[in-house]
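Dumped input_31.cif below, it's mmCIF, C-alpha atoms and all ligand atoms:
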```cif
data_data
loop_
_atom_site.group_PDB
_atom_site.id
_atom_site.type_symbol
_atom_site.label_atom_id
_atom_site.label_comp_id
_atom_site.auth_asym_id
_atom_site.auth_seq_id
_atom_site.Cartn_x
_atom_site.Cartn_y
_atom_site.Cartn_z
ATOM 1 C CA MET A 4 25.106 11.670 -5.717
ATOM 2 C CA TYR A 5 21.942 9.920 -4.683
ATOM 3 C CA GLU A 6 19.214 11.247 -2.402
ATOM 4 C CA ILE A 7 17.272 9.020 -0.018
ATOM 5 C CA ILE A 8 13.485 9.307 -0.018
ATOM 6 C CA ASP A 9 12.785 8.968 3.687
ATOM 7 C CA GLY A 10 9.383 7.270 3.995
ATOM 8 C CA LYS A 11 9.436 7.354 7.763
ATOM 9 C CA GLN A 12 9.773 11.124 7.826
ATOM 10 C CA LEU A 13 7.194 11.695 5.079
ATOM 11 C CA ALA A 14 4.751 9.324 6.783
ATOM 12 C CA ALA A 15 5.132 11.176 10.097
ATOM 13 C CA GLN A 16 4.524 14.512 8.378
ATOM 14 C CA MET A 17 1.459 13.162 6.572
ATOM 15 C CA ARG A 18 0.030 11.684 9.775
ATOM 16 C CA VAL A 19 0.131 15.132 11.388
ATOM 17 C CA GLU A 20 -1.811 16.575 8.428
ATOM 18 C CA ILE A 21 -4.304 13.687 8.417
ATOM 19 C CA GLY A 22 -4.761 14.101 12.185
ATOM 20 C CA GLN A 23 -5.634 17.773 11.671
ATOM 21 C CA ASN A 24 -8.171 16.882 8.977
ATOM 22 C CA VAL A 25 -9.707 14.168 11.173
ATOM 23 C CA LYS A 26 -10.062 16.675 14.016
ATOM 24 C CA LYS A 27 -11.753 19.201 11.698
ATOM 25 C CA PHE A 28 -14.080 16.474 10.398
ATOM 26 C CA LYS A 29 -15.171 15.606 13.938
ATOM 27 C CA GLU A 30 -15.864 19.269 14.720
ATOM 28 C CA THR A 31 -17.887 19.907 11.586
ATOM 29 C CA HIS A 32 -19.743 16.568 11.426
ATOM 30 C CA GLY A 33 -20.162 15.915 15.148
ATOM 31 C CA ARG A 34 -19.072 12.308 14.813
ATOM 32 C CA GLU A 35 -15.986 10.094 14.872
ATOM 33 C CA ILE A 36 -14.369 8.526 11.811
ATOM 34 C CA GLY A 37 -14.464 4.730 12.188
ATOM 35 C CA LEU A 38 -12.218 2.055 10.688
ATOM 36 C CA ALA A 39 -13.157 -1.603 11.164
ATOM 37 C CA VAL A 40 -10.199 -3.992 11.064
ATOM 38 C CA VAL A 41 -10.912 -7.704 10.827
ATOM 39 C CA LEU A 42 -8.251 -10.320 11.559
ATOM 40 C CA VAL A 43 -8.988 -14.028 11.345
ATOM 41 C CA GLY A 44 -6.539 -16.482 12.879
ATOM 42 C CA ASP A 45 -3.138 -16.085 14.513
ATOM 43 C CA ASP A 46 -0.701 -15.498 11.661
ATOM 44 C CA ASN A 47 2.207 -13.615 13.233
ATOM 45 C CA ALA A 48 2.894 -11.135 10.436
ATOM 46 C CA SER A 49 -0.815 -10.302 10.133
ATOM 47 C CA GLN A 50 -1.034 -9.687 13.886
ATOM 48 C CA VAL A 51 1.856 -7.211 13.667
ATOM 49 C CA TYR A 52 0.262 -5.432 10.673
ATOM 50 C CA VAL A 53 -3.095 -5.173 12.439
ATOM 51 C CA ARG A 54 -1.497 -3.922 15.657
ATOM 52 C CA ASN A 55 0.307 -1.214 13.671
ATOM 53 C CA LYS A 56 -2.914 -0.250 11.894
ATOM 54 C CA VAL A 57 -4.743 0.124 15.213
ATOM 55 C CA LYS A 58 -1.828 2.194 16.565
ATOM 56 C CA ALA A 59 -1.904 4.463 13.503
ATOM 57 C CA CYS A 60 -5.647 5.033 14.074
ATOM 58 C CA GLU A 61 -4.905 6.207 17.609
ATOM 59 C CA GLU A 62 -2.207 8.529 16.304
ATOM 60 C CA VAL A 63 -4.490 10.339 13.828
ATOM 61 C CA GLY A 64 -7.663 10.215 15.949
ATOM 62 C CA VAL A 65 -9.579 7.620 13.940
ATOM 63 C CA LYS A 66 -11.741 5.262 15.997
ATOM 64 C CA SER A 67 -10.604 1.706 15.335
ATOM 65 C CA LEU A 68 -13.002 -1.195 15.692
ATOM 66 C CA ALA A 69 -10.806 -4.290 15.777
ATOM 67 C CA TYR A 70 -12.346 -7.749 15.373
ATOM 68 C CA TYR A 71 -10.082 -10.665 16.246
ATOM 69 C CA LEU A 72 -11.707 -13.901 15.128
ATOM 70 C CA PRO A 73 -10.391 -17.418 15.782
ATOM 71 C CA ALA A 74 -8.725 -19.397 12.967
ATOM 72 C CA GLU A 75 -11.651 -21.833 12.822
ATOM 73 C CA THR A 76 -14.186 -19.063 12.023
ATOM 74 C CA GLN A 77 -16.633 -20.233 9.368
ATOM 75 C CA GLN A 78 -17.375 -18.435 6.095
ATOM 76 C CA GLU A 79 -20.958 -17.582 7.161
ATOM 77 C CA GLU A 80 -19.812 -15.985 10.439
ATOM 78 C CA LEU A 81 -17.223 -13.835 8.684
ATOM 79 C CA GLU A 82 -19.660 -12.830 5.953
ATOM 80 C CA SER A 83 -22.247 -11.926 8.538
ATOM 81 C CA LEU A 84 -19.746 -9.687 10.396
ATOM 82 C CA VAL A 85 -18.594 -7.930 7.206
ATOM 83 C CA SER A 86 -22.222 -7.430 6.098
ATOM 84 C CA SER A 87 -23.097 -5.815 9.413
ATOM 85 C CA LEU A 88 -20.049 -3.520 9.177
ATOM 86 C CA ALA A 89 -21.086 -2.640 5.628
ATOM 87 C CA ALA A 90 -24.461 -1.445 6.929
ATOM 88 C CA ASP A 91 -23.071 0.286 10.038
ATOM 89 C CA LYS A 92 -23.224 4.104 9.741
ATOM 90 C CA ALA A 93 -20.404 4.500 12.282
ATOM 91 C CA VAL A 94 -18.015 2.583 10.026
ATOM 92 C CA ASP A 95 -16.305 4.572 7.261
ATOM 93 C CA GLY A 96 -13.759 1.973 6.236
ATOM 94 C CA ILE A 97 -13.536 -1.821 6.364
ATOM 95 C CA LEU A 98 -10.311 -3.765 6.155
ATOM 96 C CA VAL A 99 -10.121 -7.539 6.177
ATOM 97 C CA GLN A 100 -6.504 -8.515 6.782
ATOM 98 C CA LEU A 101 -5.176 -10.905 4.146
ATOM 99 C CA PRO A 102 -4.352 -13.701 3.732
ATOM 100 C CA LEU A 103 -7.374 -15.358 5.324
ATOM 101 C CA PRO A 104 -7.038 -18.961 6.584
ATOM 102 C CA LYS A 105 -7.191 -21.393 3.647
ATOM 103 C CA HIS A 106 -10.710 -22.693 4.313
ATOM 104 C CA LEU A 107 -12.161 -19.201 3.800
ATOM 105 C CA ASP A 108 -13.065 -17.694 0.415
ATOM 106 C CA SER A 109 -11.588 -14.184 0.521
ATOM 107 C CA GLU A 110 -13.105 -13.134 -2.805
ATOM 108 C CA ARG A 111 -16.624 -13.690 -1.484
ATOM 109 C CA VAL A 112 -15.793 -11.795 1.718
ATOM 110 C CA LEU A 113 -14.189 -8.831 -0.057
ATOM 111 C CA LYS A 114 -17.211 -8.525 -2.362
ATOM 112 C CA LEU A 115 -19.320 -7.667 0.691
ATOM 113 C CA ILE A 116 -17.298 -4.519 1.383
ATOM 114 C CA PRO A 117 -19.057 -1.534 -0.243
ATOM 115 C CA THR A 118 -16.807 0.261 -2.773
ATOM 116 C CA GLU A 119 -16.969 3.483 -0.749
ATOM 117 C CA LYS A 120 -15.747 1.681 2.406
ATOM 118 C CA ASP A 121 -13.024 -0.314 0.620
ATOM 119 C CA VAL A 122 -10.084 1.582 2.164
ATOM 120 C CA ASP A 123 -7.625 -1.035 0.864
ATOM 121 C CA GLY A 124 -8.703 -0.216 -2.698
ATOM 122 C CA PHE A 125 -8.800 -3.951 -3.492
ATOM 123 C CA SER A 126 -12.316 -4.208 -4.930
ATOM 124 C CA ALA A 127 -12.905 -4.826 -8.628
ATOM 125 C CA GLU A 128 -14.846 -1.583 -8.767
ATOM 126 C CA ASN A 129 -12.066 0.537 -7.252
ATOM 127 C CA ILE A 130 -9.421 -1.104 -9.468
ATOM 128 C CA GLY A 131 -11.706 -0.558 -12.478
ATOM 129 C CA LYS A 132 -12.175 3.101 -11.601
ATOM 130 C CA LEU A 133 -8.427 3.486 -11.198
ATOM 131 C CA ALA A 134 -7.966 1.924 -14.640
ATOM 132 C CA MET A 135 -10.399 4.530 -16.014
ATOM 133 C CA ASN A 136 -8.649 7.318 -14.078
ATOM 134 C CA THR A 137 -11.783 8.321 -12.202
ATOM 135 C CA GLU A 138 -12.305 9.050 -8.498
ATOM 136 C CA CYS A 139 -11.768 5.971 -6.320
ATOM 137 C CA LEU A 140 -10.004 4.619 -3.264
ATOM 138 C CA VAL A 141 -6.469 3.672 -4.302
ATOM 139 C CA ALA A 142 -4.498 0.721 -2.911
ATOM 140 C CA CYS A 143 -2.305 2.013 -0.078
ATOM 141 C CA THR A 144 1.204 0.866 -1.033
ATOM 142 C CA PRO A 145 1.238 2.147 -4.631
ATOM 143 C CA ASN A 146 -0.507 5.350 -3.579
ATOM 144 C CA GLY A 147 2.228 5.809 -0.964
ATOM 145 C CA VAL A 148 4.861 5.392 -3.677
ATOM 146 C CA MET A 149 3.227 8.188 -5.695
ATOM 147 C CA LYS A 150 3.286 10.452 -2.610
ATOM 148 C CA MET A 151 6.990 9.674 -2.169
ATOM 149 C CA LEU A 152 7.720 10.709 -5.769
ATOM 150 C CA GLU A 153 5.620 13.865 -5.359
ATOM 151 C CA SER A 154 7.422 14.749 -2.118
ATOM 152 C CA LYS A 155 10.663 15.104 -4.093
ATOM 153 C CA ASN A 156 8.994 16.743 -7.110
ATOM 154 C CA ILE A 157 10.034 13.782 -9.243
ATOM 155 C CA SER A 158 8.151 14.173 -12.489
ATOM 156 C CA THR A 159 6.700 11.037 -14.080
ATOM 157 C CA LYS A 160 5.485 12.800 -17.221
ATOM 158 C CA GLY A 161 6.903 11.083 -20.287
ATOM 159 C CA LYS A 162 9.309 9.061 -18.120
ATOM 160 C CA LYS A 163 9.967 5.385 -18.683
ATOM 161 C CA ALA A 164 8.772 3.487 -15.629
ATOM 162 C CA VAL A 165 9.319 -0.219 -15.067
ATOM 163 C CA VAL A 166 7.126 -1.919 -12.471
ATOM 164 C CA ILE A 167 8.358 -5.356 -11.457
ATOM 165 C CA GLY A 168 5.506 -7.443 -10.083
ATOM 166 C CA ARG A 169 1.874 -7.701 -11.188
ATOM 167 C CA SER A 170 0.009 -8.403 -7.949
ATOM 168 C CA ASN A 171 -3.452 -6.931 -7.413
ATOM 169 C CA ILE A 172 -2.177 -5.229 -4.244
ATOM 170 C CA VAL A 173 0.935 -3.512 -5.618
ATOM 171 C CA GLY A 174 2.089 -4.102 -9.210
ATOM 172 C CA ARG A 175 -1.165 -3.646 -11.132
ATOM 173 C CA PRO A 176 -2.445 -0.546 -9.299
ATOM 174 C CA MET A 177 1.111 0.873 -9.351
ATOM 175 C CA ALA A 178 1.228 0.558 -13.135
ATOM 176 C CA LEU A 179 -2.211 2.201 -13.440
ATOM 177 C CA LEU A 180 -1.197 5.117 -11.203
ATOM 178 C CA LEU A 181 1.962 5.695 -13.236
ATOM 179 C CA ILE A 182 -0.021 5.583 -16.501
ATOM 180 C CA ASN A 183 -2.478 8.086 -15.029
ATOM 181 C CA ALA A 184 0.536 10.253 -14.136
ATOM 182 C CA ASP A 185 1.689 10.270 -17.786
ATOM 183 C CA ALA A 186 4.573 7.812 -17.498
ATOM 184 C CA THR A 187 5.336 5.237 -20.196
ATOM 185 C CA VAL A 188 4.937 2.040 -18.223
ATOM 186 C CA THR A 189 6.316 -1.466 -18.655
ATOM 187 C CA VAL A 190 5.146 -4.183 -16.276
ATOM 188 C CA CYS A 191 7.648 -6.995 -15.742
ATOM 189 C CA HIS A 192 7.095 -10.288 -13.942
ATOM 190 C CA SER A 193 8.435 -13.810 -13.545
ATOM 191 C CA LYS A 194 7.869 -14.635 -17.227
ATOM 192 C CA THR A 195 9.608 -11.506 -18.565
ATOM 193 C CA LYS A 196 12.316 -12.547 -21.055
ATOM 194 C CA ASP A 197 15.038 -9.987 -20.345
ATOM 195 C CA LEU A 198 14.417 -8.141 -17.093
ATOM 196 C CA LYS A 199 17.863 -6.549 -17.076
ATOM 197 C CA LYS A 200 17.300 -4.971 -20.502
ATOM 198 C CA GLU A 201 13.900 -3.593 -19.433
ATOM 199 C CA CYS A 202 15.342 -2.192 -16.182
ATOM 200 C CA LEU A 203 18.308 -0.566 -17.909
ATOM 201 C CA GLU A 204 15.889 1.517 -19.977
ATOM 202 C CA ALA A 205 13.945 2.732 -16.952
ATOM 203 C CA ASP A 206 13.992 6.243 -15.535
ATOM 204 C CA ILE A 207 11.923 4.932 -12.623
ATOM 205 C CA ILE A 208 12.016 1.369 -11.271
ATOM 206 C CA VAL A 209 9.434 0.108 -8.788
ATOM 207 C CA ALA A 210 10.465 -3.280 -7.419
ATOM 208 C CA ALA A 211 7.677 -5.383 -5.894
ATOM 209 C CA ILE A 212 9.105 -8.845 -6.383
ATOM 210 C CA GLY A 213 9.513 -10.413 -2.961
ATOM 211 C CA LYS A 214 13.106 -11.598 -3.469
ATOM 212 C CA ALA A 215 15.947 -10.253 -1.330
ATOM 213 C CA LYS A 216 18.399 -7.956 -3.155
ATOM 214 C CA PHE A 217 17.161 -9.147 -6.566
ATOM 215 C CA ILE A 218 17.782 -5.834 -8.359
ATOM 216 C CA THR A 219 21.533 -5.416 -8.696
ATOM 217 C CA ALA A 220 23.641 -2.436 -9.778
ATOM 218 C CA ASP A 221 24.208 -3.792 -13.315
ATOM 219 C CA MET A 222 20.423 -3.620 -13.907
ATOM 220 C CA VAL A 223 20.062 0.076 -13.118
ATOM 221 C CA LYS A 224 20.662 3.047 -15.411
ATOM 222 C CA GLU A 225 22.785 5.925 -14.127
ATOM 223 C CA GLY A 226 20.507 8.553 -12.533
ATOM 224 C CA ALA A 227 17.457 6.291 -12.189
ATOM 225 C CA VAL A 228 14.879 6.618 -9.415
ATOM 226 C CA VAL A 229 14.592 3.299 -7.564
ATOM 227 C CA ILE A 230 11.607 2.526 -5.343
ATOM 228 C CA ASP A 231 11.857 -0.653 -3.267
ATOM 229 C CA VAL A 232 8.553 -2.168 -2.150
ATOM 230 C CA GLY A 233 10.194 -5.409 -0.985
ATOM 231 C CA MET A 234 10.296 -6.610 2.595
ATOM 232 C CA ASN A 235 12.531 -9.666 2.931
ATOM 233 C CA ARG A 236 15.153 -11.189 5.194
ATOM 234 C CA ASP A 237 18.712 -11.507 3.901
ATOM 235 C CA GLU A 238 21.089 -14.441 4.521
ATOM 236 C CA ASN A 239 21.781 -13.091 8.034
ATOM 237 C CA GLY A 240 18.110 -12.677 8.882
ATOM 238 C CA LYS A 241 18.316 -8.893 8.510
ATOM 239 C CA LEU A 242 15.394 -6.969 7.001
ATOM 240 C CA CYS A 243 16.082 -5.986 3.394
ATOM 241 C CA GLY A 244 14.272 -5.014 0.216
ATOM 242 C CA ASP A 245 14.165 -6.346 -3.344
ATOM 243 C CA VAL A 246 17.032 -4.010 -4.242
ATOM 244 C CA ASP A 247 20.715 -4.554 -3.463
ATOM 245 C CA TYR A 248 20.673 -1.143 -1.791
ATOM 246 C CA GLU A 249 24.361 -0.722 -0.890
ATOM 247 C CA ASN A 250 25.503 -1.286 -4.472
ATOM 248 C CA VAL A 251 22.546 0.178 -6.351
ATOM 249 C CA LYS A 252 22.332 3.490 -4.467
ATOM 250 C CA GLU A 253 25.470 4.943 -6.108
ATOM 251 C CA LYS A 254 23.804 4.774 -9.527
ATOM 252 C CA CYS A 255 20.560 6.437 -8.459
ATOM 253 C CA SER A 256 19.300 9.977 -8.347
ATOM 254 C CA TYR A 257 16.792 8.876 -5.694
ATOM 255 C CA ILE A 258 16.359 5.626 -3.806
ATOM 256 C CA THR A 259 14.114 4.369 -0.991
ATOM 257 C CA PRO A 260 15.657 2.385 1.894
ATOM 258 C CA VAL A 261 14.293 -0.759 3.569
ATOM 259 C CA PRO A 262 13.291 -0.407 6.342
ATOM 260 C CA GLY A 263 12.135 3.218 6.514
ATOM 261 C CA GLY A 264 11.037 3.621 2.895
ATOM 262 C CA VAL A 265 7.763 2.485 1.372
ATOM 263 C CA GLY A 266 6.721 0.470 4.463
ATOM 264 C CA PRO A 267 5.791 3.377 6.758
ATOM 265 C CA MET A 268 3.844 4.991 3.915
ATOM 266 C CA THR A 269 1.431 2.066 3.474
ATOM 267 C CA ILE A 270 -0.358 2.397 6.814
ATOM 268 C CA THR A 271 -0.304 6.176 6.513
ATOM 269 C CA MET A 272 -2.142 5.888 3.192
ATOM 270 C CA LEU A 273 -4.680 3.636 4.918
ATOM 271 C CA MET A 274 -5.351 6.485 7.365
ATOM 272 C CA TYR A 275 -5.557 8.857 4.398
ATOM 273 C CA ASN A 276 -8.056 6.598 2.614
ATOM 274 C CA THR A 277 -10.138 6.264 5.776
ATOM 275 C CA TYR A 278 -10.326 10.035 6.090
ATOM 276 C CA VAL A 279 -11.154 10.374 2.361
ATOM 277 C CA ALA A 280 -13.885 7.705 2.646
ATOM 278 C CA ALA A 281 -15.440 9.567 5.608
ATOM 279 C CA ALA A 282 -15.170 12.961 3.913
ATOM 280 C CA ARG A 283 -16.871 11.636 0.752
ATOM 281 C CA ARG A 284 -19.646 10.105 2.828
ATOM 282 C CA GLY A 285 -20.059 13.265 4.959
HETATM 283 N N1 LIG B 301 -1.946 -8.230 3.793
HETATM 284 C C1 LIG B 301 -0.747 -7.733 3.395
HETATM 285 N N2 LIG B 301 -0.868 -6.451 3.032
HETATM 286 C C2 LIG B 301 -2.156 -6.122 3.204
HETATM 287 C C3 LIG B 301 -2.892 -4.916 3.016
HETATM 288 O O1 LIG B 301 -2.390 -3.874 2.581
HETATM 289 N N3 LIG B 301 -4.211 -4.977 3.323
HETATM 290 C C4 LIG B 301 -4.810 -6.111 3.775
HETATM 291 N N4 LIG B 301 -6.118 -6.076 4.016
HETATM 292 N N5 LIG B 301 -4.171 -7.249 3.959
HETATM 293 C C5 LIG B 301 -2.844 -7.235 3.678
#
```
Re-express the file's structure as structure tokens.
Amino acid sequence: MYEIIDGKQLAAQMRVEIGQNVKKFKETHGREIGLAVVLVGDDNASQVYVRNKVKACEEVGVKSLAYYLPAETQQEELESLVSSLAADKAVDGILVQLPLPKHLDSERVLKLIPTEKDVDGFSAENIGKLAMNTECLVACTPNGVMKMLESKNISTKGKKAVVIGRSNIVGRPMALLLINADATVTVCHSKTKDLKKECLEADIIVAAIGKAKFITADMVKEGAVVIDVGMNRDENGKLCGDVDYENVKEKCSYITPVPGGVGPMTITMLMYNTYVAAARRG
């Protein structure tokens, strides 16, 4: 029998706790916690993400400062905005929604975000600190996955974990978090020779591939924990993950659904990071 890890429910529970901490922070520090969100251009998916981030801020009592810039914004203008947010004492966290329009150099922009305000955990310094297992701001999606495992008391100690995907946003930090949590970690990607063999050895699979229903039942060991970070459309246009959920679930001890799994945790972890950034700054 498999158990579903309900990300929607866990996220809601965590938002209540974060909201209480934000309220306490305001009382003790006499100021708001501020998150600056910068969106350049009119990419539909990015607009939805940003809207949901602003909504989450309202829910937990964080003051959101949203900057909507036109697609033709120049590098200097964007850099000047991010630099001013970096220096602004009312801003605890800065998030520049990615991807930026092609004519903009995102690396140069992200470098302007101070490590302690990098609530996405994307900076080289935060990734480096994570690699060294020292205090840092951790990328939201993989950190949310760890919270999901913790919520079900799923131990990672000595377990074989396979992370599929090596992006800077999910796969790499996910692998680092699992190493820090004492798992034996294998990172697979598009050049991996025998993905099925690697997956069949895994006690925990984290799929961050970006291909609908790519992980099938024959790739999963009986009793495995399967975490699906994917967000795709299937042949009928229906939202689905990287895992063939209906067929894979029967083999699992735990599995996350899509939608309602990892997705709701990501923005919640952004709120968590924003609170942590404010609390560390005081
Ligand atoms: N684009 C897609 N996911 C993310 C995210 O987590 N943070 C930012 N800044 N941009 C994204």
Given 8 Å on each side, where is the centre and what are the edge lengths in Å to one decimal of the axis-aligned box enclosing the listed atoms of range 142-160 of chain A, as AutoDock Vina command-line options?
```
--center_x 3.1 --center_y 8.7 --center_z -8.6 --size_x 31.2 --size_y 32.0 --size_z 33.1
```
Can you tell me which residues sit at most 10 Å away from ligand LIG 301 (chain B), counting all atoms listed in the file, written as a VMD selection string? chain A and resid 40 to 42 48 to 49 52 to 53 56 97 to 103 113 121 to 125 142 to 144 172 to 173 269 to 270 272 to 273
9 Å contact set for Met149 in chain A, only C-alpha atoms, chain neighbours under 5 positions out, as a VMD selection string: chain A and resid 144 154 177 180 to 181
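Residues selected in this file by the PyMOL selection byres (((chain A and resi 73-81) around 6) and not hetatm) comprise Val43, Gly44, Leu72, Glu82, Ser83, Leu84 and Leu107 of chain A.
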Would you pick out the contacts of Gly285 in chain A at 9 Å or less, using only C-alpha atoms, so that residues sharing its chain but fewer than 4 positions from it are not included, and give the list as a short mmCIF file (atom, residue, chain, number, x, y, z; two decimals) with C-alpha atoms, in the coordinates of the input?
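Output saved as around32.cif:
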```cif
data_model
loop_
_atom_site.label_atom_id
_atom_site.label_comp_id
_atom_site.auth_asym_id
_atom_site.auth_seq_id
_atom_site.Cartn_x
_atom_site.Cartn_y
_atom_site.Cartn_z
CA PHE A 28 -14.08 16.47 10.40
CA HIS A 32 -19.74 16.57 11.43
CA ALA A 280 -13.88 7.70 2.65
CA ALA A 281 -15.44 9.57 5.61
#
```
Mind checking which residues fall within 12 Å of Glu153 in chain A, counting only C-alpha atoms, ignoring those fewer than 5 positions away in the same chain, and posting them as an MDAnalysis selection string? chainID A and resid 8 13 146:148 158:160 181 184
Taken to one decimal, the CA of Ala14 in chain A-CA of Asp231 in chain A distance is 15.8 Å
I would like the residues chosen by the PyMOL selection byres (((chain A and resi 196-200) around 12) and not hetatm) on the shown file; could you give them as number ranges by chain? A: 165-168, 189-195, 201-205, 208, 210, 212, 217-224
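Among the candidates A:Met4, A:Ala39, A:Val209, A:Val94, the one nearest to Cys255 in chain A when counting only C-alpha atoms is A:Met4.
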For a test of reading the model, state the distance in Å between CA of Asn55 in chain A and CA of Lys252 in chain A, rounded to one decimal.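 Interatomic distance, CA of Asn55 in chain A to CA of Lys252 in chain A: 28.9 Å.
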Please write as a ChimeraX atom specification the list of polymer residues whose atoms come within 7 Å of (7.1, 8.1, -16.9), counting all atoms listed in the file and keeping to the coordinates of the file. /A:159-164,181,185-188
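Taking CA of Val65 in chain A and CA of Lys120 in chain A as the two end points, the separation is 14.4 Å.
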All residues 9 Å or closer to range 126-133 of chain A, all atoms listed in the file, same chain fewer than 2 positions away omitted, as a PyMOL selection string: chain A and resi 113-114+116-119+121+123-124+135-142+171+175-176+179-180+183
Residues at most 10 Å from Lys29 in chain A, counting only C-alpha atoms, excluding those fewer than 6 positions away in the same chain, as number ranges by chain? A: 35-36, 64-65
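Of the listed residues A:Gly213, A:Gly174, A:Pro145, A:Gly10, the one whose atoms come nearest to Asp237 in chain A is A:Gly213, with distances taken using all atoms listed in the file.
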Where does the PyMOL selection byres (((chain A and resi 26) around 12) and not hetatm) land in this file, that is, which residues does it pick, as a PDB file with C-alpha atoms, in the coordinates of the input?
```pdb
ATOM      1  CA  VAL A  19       0.131  15.132  11.388  1.00  0.00           C
ATOM      2  CA  GLU A  20      -1.811  16.575   8.428  1.00  0.00           C
ATOM      3  CA  ILE A  21      -4.304  13.687   8.417  1.00  0.00           C
ATOM      4  CA  GLY A  22      -4.761  14.101  12.185  1.00  0.00           C
ATOM      5  CA  GLN A  23      -5.634  17.773  11.671  1.00  0.00           C
ATOM      6  CA  ASN A  24      -8.171  16.882   8.977  1.00  0.00           C
ATOM      7  CA  VAL A  25      -9.707  14.168  11.173  1.00  0.00           C
ATOM      8  CA  LYS A  27     -11.753  19.201  11.698  1.00  0.00           C
ATOM      9  CA  PHE A  28     -14.080  16.474  10.398  1.00  0.00           C
ATOM     10  CA  LYS A  29     -15.171  15.606  13.938  1.00  0.00           C
ATOM     11  CA  GLU A  30     -15.864  19.269  14.720  1.00  0.00           C
ATOM     12  CA  THR A  31     -17.887  19.907  11.586  1.00  0.00           C
ATOM     13  CA  HIS A  32     -19.743  16.568  11.426  1.00  0.00           C
ATOM     14  CA  GLY A  33     -20.162  15.915  15.148  1.00  0.00           C
ATOM     15  CA  ARG A  34     -19.072  12.308  14.813  1.00  0.00           C
ATOM     16  CA  GLU A  35     -15.986  10.094  14.872  1.00  0.00           C
ATOM     17  CA  ILE A  36     -14.369   8.526  11.811  1.00  0.00           C
ATOM     18  CA  GLU A  62      -2.207   8.529  16.304  1.00  0.00           C
ATOM     19  CA  VAL A  63      -4.490  10.339  13.828  1.00  0.00           C
ATOM     20  CA  GLY A  64      -7.663  10.215  15.949  1.00  0.00           C
ATOM     21  CA  VAL A  65      -9.579   7.620  13.940  1.00  0.00           C
ATOM     22  CA  LYS A  66     -11.741   5.262  15.997  1.00  0.00           C
ATOM     23  CA  TYR A 278     -10.326  10.035   6.090  1.00  0.00           C
ATOM     24  CA  ALA A 282     -15.170  12.961   3.913  1.00  0.00           C
TER      25      ALA A 282
END
```
